[in-house]
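*Asks:* My questions all concern the structure below.
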Amino acid sequence: MGRKATISFGIVIAHHSVPLAIALENLWQAEAEAKEHHSPDLQIAAKDAVQVRVLYGNGNMLAATAKFDILNRWRSLLNCKITAEASLTVALFEQAAYVWGQHPAPVPEAIGVWVQAFCDRRDLFDGEDNAKGKFQDHLKEFLVAIWQTTPPQECDRAIENWLKLAAFVLRNRQIKLGVA
């Protein structure tokens, strides 16, 4: 296929109560929507996108679509550490999604100020200036990349959904059976 080859795909995370047929149908739809995702910048490949869908047991769905490179930036954002023992919390990403939904940055140039104001108001980073700076850099890079590769009318929703997906992925859902 050569240098001009592209890749677009879908990922589905489904609750165990979701029928396999519905999960597969959503997987195919996610792939189709990823292929249709176009960047406002015509220099960026037309395809090379991913859509991640979470199918909840109650019938709700969360869908996050972005260029393939955004997935790697999102993963590096999730891998930030506060200290050697402490990692980022689910609440941090839930709060970020909520605050972005209520008060998004109006222009890309304001993202840095938005990220700084958001992190300054979190107790999680008290006394951890180094970790806070690293997280701010990753979050700013991630938000700017989404802004540059997503159509303007879909940008705010895309950012919210990726932050909600981060909270979902970080949430630890282990159930232990029996006596400890």
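Residue names in the structure tokens use chain letters A, B, ... in the order shown, residue numbers from 1 in each chain, and ligand numbers from 1 in the order shown.
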Compile a residue-level contact table for segment 143-175 of chain A against segment 63-73 of chain A at a cut-off of 12 Å, reporting for every qualifying residue the shortest atom pair and its distance in Å to one decimal, with only C-alpha atoms counted, rows ordered by chain and ascending number, as a Markdown table.
*Replies:*
| residue | atom | partner | partner_atom | distance |
| --- | --- | --- | --- | --- |
| A:Leu143 | CA | A:Ile70 | CA | 9.2 |
| A:Val144 | CA | A:Ile70 | CA | 10.0 |
| A:Ala145 | CA | A:Ile70 | CA | 6.7 |
| A:Ile146 | CA | A:Ile70 | CA | 6.8 |
| A:Trp147 | CA | A:Ala66 | CA | 10.0 |
| A:Gln148 | CA | A:Lys67 | CA | 10.1 |
| A:Thr149 | CA | A:Lys67 | CA | 6.7 |
| A:Thr150 | CA | A:Ala66 | CA | 7.0 |
| A:Pro151 | CA | A:Ala66 | CA | 10.2 |
| A:Glu154 | CA | A:Thr65 | CA | 9.8 |
| A:Cys155 | CA | A:Ala66 | CA | 9.8 |
| A:Asp156 | CA | A:Ala64 | CA | 11.4 |
| A:Arg157 | CA | A:Ala64 | CA | 8.7 |
| A:Ala158 | CA | A:Ala64 | CA | 6.1 |
| A:Ile159 | CA | A:Ala64 | CA | 8.3 |
| A:Glu160 | CA | A:Ala64 | CA | 8.7 |
| A:Asn161 | CA | A:Ala64 | CA | 5.3 |
| A:Trp162 | CA | A:Ala64 | CA | 5.6 |
| A:Leu163 | CA | A:Ala64 | CA | 9.1 |
| A:Lys164 | CA | A:Ala64 | CA | 8.9 |
| A:Leu165 | CA | A:Ala64 | CA | 7.4 |
| A:Ala166 | CA | A:Ala64 | CA | 10.3 |
| A:Phe168 | CA | A:Ala63 | CA | 11.9 |
*Asks:* Put those residues in a file: N, CA and C atoms, as a PDB file, in the first residue's frame.
*Replies:*
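Written file, out-v2.pdb:
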ATOM      1  N   LEU A 143      -5.299  18.884  24.315  1.00  0.00           N
ATOM      2  CA  LEU A 143      -6.427  19.744  23.934  1.00  0.00           C
ATOM      3  C   LEU A 143      -6.144  20.514  22.651  1.00  0.00           C
ATOM      4  N   VAL A 144      -4.934  21.026  22.507  1.00  0.00           N
ATOM      5  CA  VAL A 144      -4.571  21.750  21.286  1.00  0.00           C
ATOM      6  C   VAL A 144      -4.622  20.809  20.082  1.00  0.00           C
ATOM      7  N   ALA A 145      -4.132  19.582  20.252  1.00  0.00           N
ATOM      8  CA  ALA A 145      -4.141  18.620  19.142  1.00  0.00           C
ATOM      9  C   ALA A 145      -5.566  18.291  18.714  1.00  0.00           C
ATOM     10  N   ILE A 146      -6.466  18.098  19.669  1.00  0.00           N
ATOM     11  CA  ILE A 146      -7.873  17.847  19.304  1.00  0.00           C
ATOM     12  C   ILE A 146      -8.437  19.058  18.582  1.00  0.00           C
ATOM     13  N   TRP A 147      -8.164  20.241  19.099  1.00  0.00           N
ATOM     14  CA  TRP A 147      -8.687  21.473  18.495  1.00  0.00           C
ATOM     15  C   TRP A 147      -8.231  21.596  17.045  1.00  0.00           C
ATOM     16  N   GLN A 148      -6.985  21.224  16.755  1.00  0.00           N
ATOM     17  CA  GLN A 148      -6.430  21.363  15.411  1.00  0.00           C
ATOM     18  C   GLN A 148      -6.928  20.302  14.441  1.00  0.00           C
ATOM     19  N   THR A 149      -7.371  19.153  14.959  1.00  0.00           N
ATOM     20  CA  THR A 149      -7.724  18.043  14.069  1.00  0.00           C
ATOM     21  C   THR A 149      -9.209  17.698  14.062  1.00  0.00           C
ATOM     22  N   THR A 150     -10.023  18.524  14.698  1.00  0.00           N
ATOM     23  CA  THR A 150     -11.461  18.264  14.774  1.00  0.00           C
ATOM     24  C   THR A 150     -12.211  19.461  14.194  1.00  0.00           C
ATOM     25  N   PRO A 151     -13.255  19.221  13.428  1.00  0.00           N
ATOM     26  CA  PRO A 151     -14.043  20.338  12.911  1.00  0.00           C
ATOM     27  C   PRO A 151     -14.552  21.226  14.055  1.00  0.00           C
ATOM     28  N   GLU A 154     -17.616  20.383  16.225  1.00  0.00           N
ATOM     29  CA  GLU A 154     -17.551  19.147  17.004  1.00  0.00           C
ATOM     30  C   GLU A 154     -16.477  19.175  18.083  1.00  0.00           C
ATOM     31  N   CYS A 155     -15.684  20.225  18.125  1.00  0.00           N
ATOM     32  CA  CYS A 155     -14.501  20.275  18.973  1.00  0.00           C
ATOM     33  C   CYS A 155     -14.819  20.163  20.470  1.00  0.00           C
ATOM     34  N   ASP A 156     -15.728  20.983  20.981  1.00  0.00           N
ATOM     35  CA  ASP A 156     -16.037  20.966  22.416  1.00  0.00           C
ATOM     36  C   ASP A 156     -16.569  19.612  22.858  1.00  0.00           C
ATOM     37  N   ARG A 157     -17.441  19.032  22.061  1.00  0.00           N
ATOM     38  CA  ARG A 157     -18.001  17.724  22.403  1.00  0.00           C
ATOM     39  C   ARG A 157     -16.928  16.634  22.371  1.00  0.00           C
ATOM     40  N   ALA A 158     -16.018  16.726  21.403  1.00  0.00           N
ATOM     41  CA  ALA A 158     -14.934  15.747  21.301  1.00  0.00           C
ATOM     42  C   ALA A 158     -14.037  15.811  22.536  1.00  0.00           C
ATOM     43  N   ILE A 159     -13.703  17.006  22.969  1.00  0.00           N
ATOM     44  CA  ILE A 159     -12.846  17.164  24.152  1.00  0.00           C
ATOM     45  C   ILE A 159     -13.551  16.600  25.379  1.00  0.00           C
ATOM     46  N   GLU A 160     -14.816  16.949  25.545  1.00  0.00           N
ATOM     47  CA  GLU A 160     -15.592  16.417  26.680  1.00  0.00           C
ATOM     48  C   GLU A 160     -15.618  14.889  26.676  1.00  0.00           C
ATOM     49  N   ASN A 161     -15.881  14.307  25.520  1.00  0.00           N
ATOM     50  CA  ASN A 161     -15.982  12.848  25.429  1.00  0.00           C
ATOM     51  C   ASN A 161     -14.654  12.154  25.695  1.00  0.00           C
ATOM     52  N   TRP A 162     -13.552  12.705  25.216  1.00  0.00           N
ATOM     53  CA  TRP A 162     -12.257  12.088  25.487  1.00  0.00           C
ATOM     54  C   TRP A 162     -11.908  12.185  26.971  1.00  0.00           C
ATOM     55  N   LEU A 163     -12.271  13.279  27.620  1.00  0.00           N
ATOM     56  CA  LEU A 163     -12.020  13.400  29.061  1.00  0.00           C
ATOM     57  C   LEU A 163     -12.903  12.432  29.848  1.00  0.00           C
ATOM     58  N   LYS A 164     -14.154  12.260  29.418  1.00  0.00           N
ATOM     59  CA  LYS A 164     -15.036  11.282  30.069  1.00  0.00           C
ATOM     60  C   LYS A 164     -14.518   9.860  29.854  1.00  0.00           C
ATOM     61  N   LEU A 165     -13.996   9.599  28.670  1.00  0.00           N
ATOM     62  CA  LEU A 165     -13.422   8.281  28.393  1.00  0.00           C
ATOM     63  C   LEU A 165     -12.201   8.036  29.275  1.00  0.00           C
ATOM     64  N   ALA A 166     -11.398   9.066  29.507  1.00  0.00           N
ATOM     65  CA  ALA A 166     -10.247   8.926  30.405  1.00  0.00           C
ATOM     66  C   ALA A 166     -10.706   8.539  31.804  1.00  0.00           C
ATOM     67  N   PHE A 168     -13.470   6.986  32.583  1.00  0.00           N
ATOM     68  CA  PHE A 168     -13.978   5.617  32.508  1.00  0.00           C
ATOM     69  C   PHE A 168     -12.839   4.604  32.549  1.00  0.00           C
TER      70      PHE A 168
END
*Asks:* Identify all residues of segment 48-112 of chain A in strand (DSSP E or B) (DSSP on the backbone) and supply them as a list in words.
*Replies:*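 The strand (DSSP E or B) subset of segment 48-112 of chain A is Ala49, Val50, Gln51, Val52, Arg53, Val54, Leu55, Met61, Leu62, Ala63, Ala64, Thr65, Ala66, Lys67, Lys81 and Ser87 of chain A.
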*Asks:* Report as a Markdown table the residues of segment 48-153 of chain A within 10 Å of segment 17-33 of chain A, each with its shortest atom pair and distance in Å (one decimal), using only C-alpha atoms, ordered by chain and increasing residue number.
*Replies:*
| residue | atom | partner | partner_atom | distance |
| --- | --- | --- | --- | --- |
| A:Ala49 | CA | A:Glu31 | CA | 8.7 |
| A:Val50 | CA | A:Glu31 | CA | 7.3 |
| A:Gln51 | CA | A:Ala30 | CA | 5.5 |
| A:Val52 | CA | A:Ala30 | CA | 7.1 |
| A:Arg53 | CA | A:Ala30 | CA | 7.1 |
| A:Val54 | CA | A:Asn26 | CA | 9.5 |
| A:Leu55 | CA | A:Val18 | CA | 7.3 |
| A:Tyr56 | CA | A:Val18 | CA | 7.6 |
| A:Gly57 | CA | A:Ser17 | CA | 5.7 |
| A:Asn58 | CA | A:Val18 | CA | 8.9 |
| A:Gly59 | CA | A:Val18 | CA | 8.2 |
| A:Met61 | CA | A:Asn26 | CA | 9.8 |
| A:Ala63 | CA | A:Ala30 | CA | 8.2 |
| A:Ala64 | CA | A:Ala30 | CA | 9.4 |
| A:Thr65 | CA | A:Glu33 | CA | 8.0 |
*Asks:* What parts of chain A does DSSP call alpha helix (DSSP H)? I'd like the answer as an mmCIF file with C-alpha atoms, in the first residue's frame.
*Replies:*
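That gives us result_3.cif:
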data_model
loop_
_atom_site.group_PDB
_atom_site.id
_atom_site.type_symbol
_atom_site.label_atom_id
_atom_site.label_comp_id
_atom_site.auth_asym_id
_atom_site.auth_seq_id
_atom_site.Cartn_x
_atom_site.Cartn_y
_atom_site.Cartn_z
ATOM 1 C CA LEU A 20 -22.780 -9.471 21.105
ATOM 2 C CA ALA A 21 -24.762 -8.532 17.980
ATOM 3 C CA ILE A 22 -25.237 -4.973 19.273
ATOM 4 C CA ALA A 23 -21.565 -4.712 20.243
ATOM 5 C CA LEU A 24 -20.497 -5.880 16.759
ATOM 6 C CA GLU A 25 -22.905 -3.502 15.058
ATOM 7 C CA ASN A 26 -21.463 -0.650 17.139
ATOM 8 C CA LEU A 27 -17.946 -1.750 16.218
ATOM 9 C CA TRP A 28 -18.748 -1.503 12.505
ATOM 10 C CA GLN A 29 -20.469 1.861 13.001
ATOM 11 C CA ALA A 30 -17.475 3.122 14.984
ATOM 12 C CA GLU A 31 -15.135 2.120 12.164
ATOM 13 C CA ALA A 32 -17.363 3.822 9.582
ATOM 14 C CA GLU A 33 -17.542 7.033 11.625
ATOM 15 C CA ALA A 34 -13.781 6.980 12.150
ATOM 16 C CA LYS A 35 -13.311 6.789 8.381
ATOM 17 C CA GLU A 36 -15.637 9.785 7.946
ATOM 18 C CA PHE A 68 -5.058 8.382 15.347
ATOM 19 C CA ASP A 69 -2.232 10.542 16.724
ATOM 20 C CA ILE A 70 -4.626 11.923 19.357
ATOM 21 C CA LEU A 71 -5.014 8.426 20.821
ATOM 22 C CA ASN A 72 -1.296 8.347 21.636
ATOM 23 C CA ARG A 73 -1.426 11.813 23.206
ATOM 24 C CA TRP A 74 -4.459 10.731 25.250
ATOM 25 C CA ARG A 75 -2.601 7.622 26.458
ATOM 26 C CA SER A 76 0.409 9.704 27.521
ATOM 27 C CA LEU A 77 -1.964 12.017 29.404
ATOM 28 C CA LEU A 78 -3.391 9.031 31.279
ATOM 29 C CA VAL A 90 -10.967 9.550 37.982
ATOM 30 C CA ALA A 91 -12.415 12.689 39.564
ATOM 31 C CA LEU A 92 -9.779 14.884 37.902
ATOM 32 C CA PHE A 93 -10.930 13.874 34.425
ATOM 33 C CA GLU A 94 -14.623 13.982 35.360
ATOM 34 C CA GLN A 95 -14.123 17.523 36.678
ATOM 35 C CA ALA A 96 -12.187 18.514 33.558
ATOM 36 C CA ALA A 97 -15.012 17.236 31.322
ATOM 37 C CA TYR A 98 -17.618 19.067 33.427
ATOM 38 C CA VAL A 99 -15.681 22.346 33.533
ATOM 39 C CA TRP A 100 -14.938 22.170 29.798
ATOM 40 C CA GLY A 101 -18.648 21.576 29.126
ATOM 41 C CA GLN A 102 -19.593 24.633 31.199
ATOM 42 C CA ILE A 111 -6.183 26.619 26.144
ATOM 43 C CA GLY A 112 -2.971 27.165 28.106
ATOM 44 C CA VAL A 113 -4.678 29.658 30.428
ATOM 45 C CA TRP A 114 -7.691 27.339 30.791
ATOM 46 C CA VAL A 115 -5.449 24.384 31.720
ATOM 47 C CA GLN A 116 -3.495 26.467 34.232
ATOM 48 C CA ALA A 117 -6.663 27.805 35.878
ATOM 49 C CA PHE A 118 -8.167 24.305 36.010
ATOM 50 C CA CYS A 119 -5.071 22.752 37.627
ATOM 51 C CA ASP A 120 -4.579 25.656 40.066
ATOM 52 C CA ASP A 129 4.425 21.536 41.350
ATOM 53 C CA ASN A 130 6.568 19.249 39.213
ATOM 54 C CA ALA A 131 3.723 16.773 38.633
ATOM 55 C CA LYS A 132 1.281 19.627 38.077
ATOM 56 C CA GLY A 133 3.523 21.149 35.406
ATOM 57 C CA LYS A 134 3.943 17.822 33.643
ATOM 58 C CA PHE A 135 0.185 17.166 33.694
ATOM 59 C CA GLN A 136 -0.527 20.705 32.449
ATOM 60 C CA ASP A 137 1.869 20.226 29.542
ATOM 61 C CA HIS A 138 0.284 16.897 28.553
ATOM 62 C CA LEU A 139 -3.280 18.232 28.928
ATOM 63 C CA LYS A 140 -2.527 21.380 26.941
ATOM 64 C CA GLU A 141 -0.825 19.374 24.172
ATOM 65 C CA PHE A 142 -3.781 16.981 24.051
ATOM 66 C CA LEU A 143 -6.427 19.744 23.934
ATOM 67 C CA VAL A 144 -4.571 21.750 21.286
ATOM 68 C CA ALA A 145 -4.141 18.620 19.142
ATOM 69 C CA ILE A 146 -7.873 17.847 19.304
ATOM 70 C CA TRP A 147 -8.687 21.473 18.495
ATOM 71 C CA GLN A 148 -6.430 21.363 15.411
ATOM 72 C CA THR A 149 -7.724 18.043 14.069
ATOM 73 C CA CYS A 155 -14.501 20.275 18.973
ATOM 74 C CA ASP A 156 -16.037 20.966 22.416
ATOM 75 C CA ARG A 157 -18.001 17.724 22.403
ATOM 76 C CA ALA A 158 -14.934 15.747 21.301
ATOM 77 C CA ILE A 159 -12.846 17.164 24.152
ATOM 78 C CA GLU A 160 -15.592 16.417 26.680
ATOM 79 C CA ASN A 161 -15.982 12.848 25.429
ATOM 80 C CA TRP A 162 -12.257 12.088 25.487
ATOM 81 C CA LEU A 163 -12.020 13.400 29.061
ATOM 82 C CA LYS A 164 -15.036 11.282 30.069
ATOM 83 C CA LEU A 165 -13.422 8.281 28.393
ATOM 84 C CA ALA A 166 -10.247 8.926 30.405
ATOM 85 C CA ALA A 167 -12.302 8.836 33.614
ATOM 86 C CA PHE A 168 -13.978 5.617 32.508
ATOM 87 C CA VAL A 169 -10.680 3.907 31.706
ATOM 88 C CA LEU A 170 -9.050 4.979 34.984
#
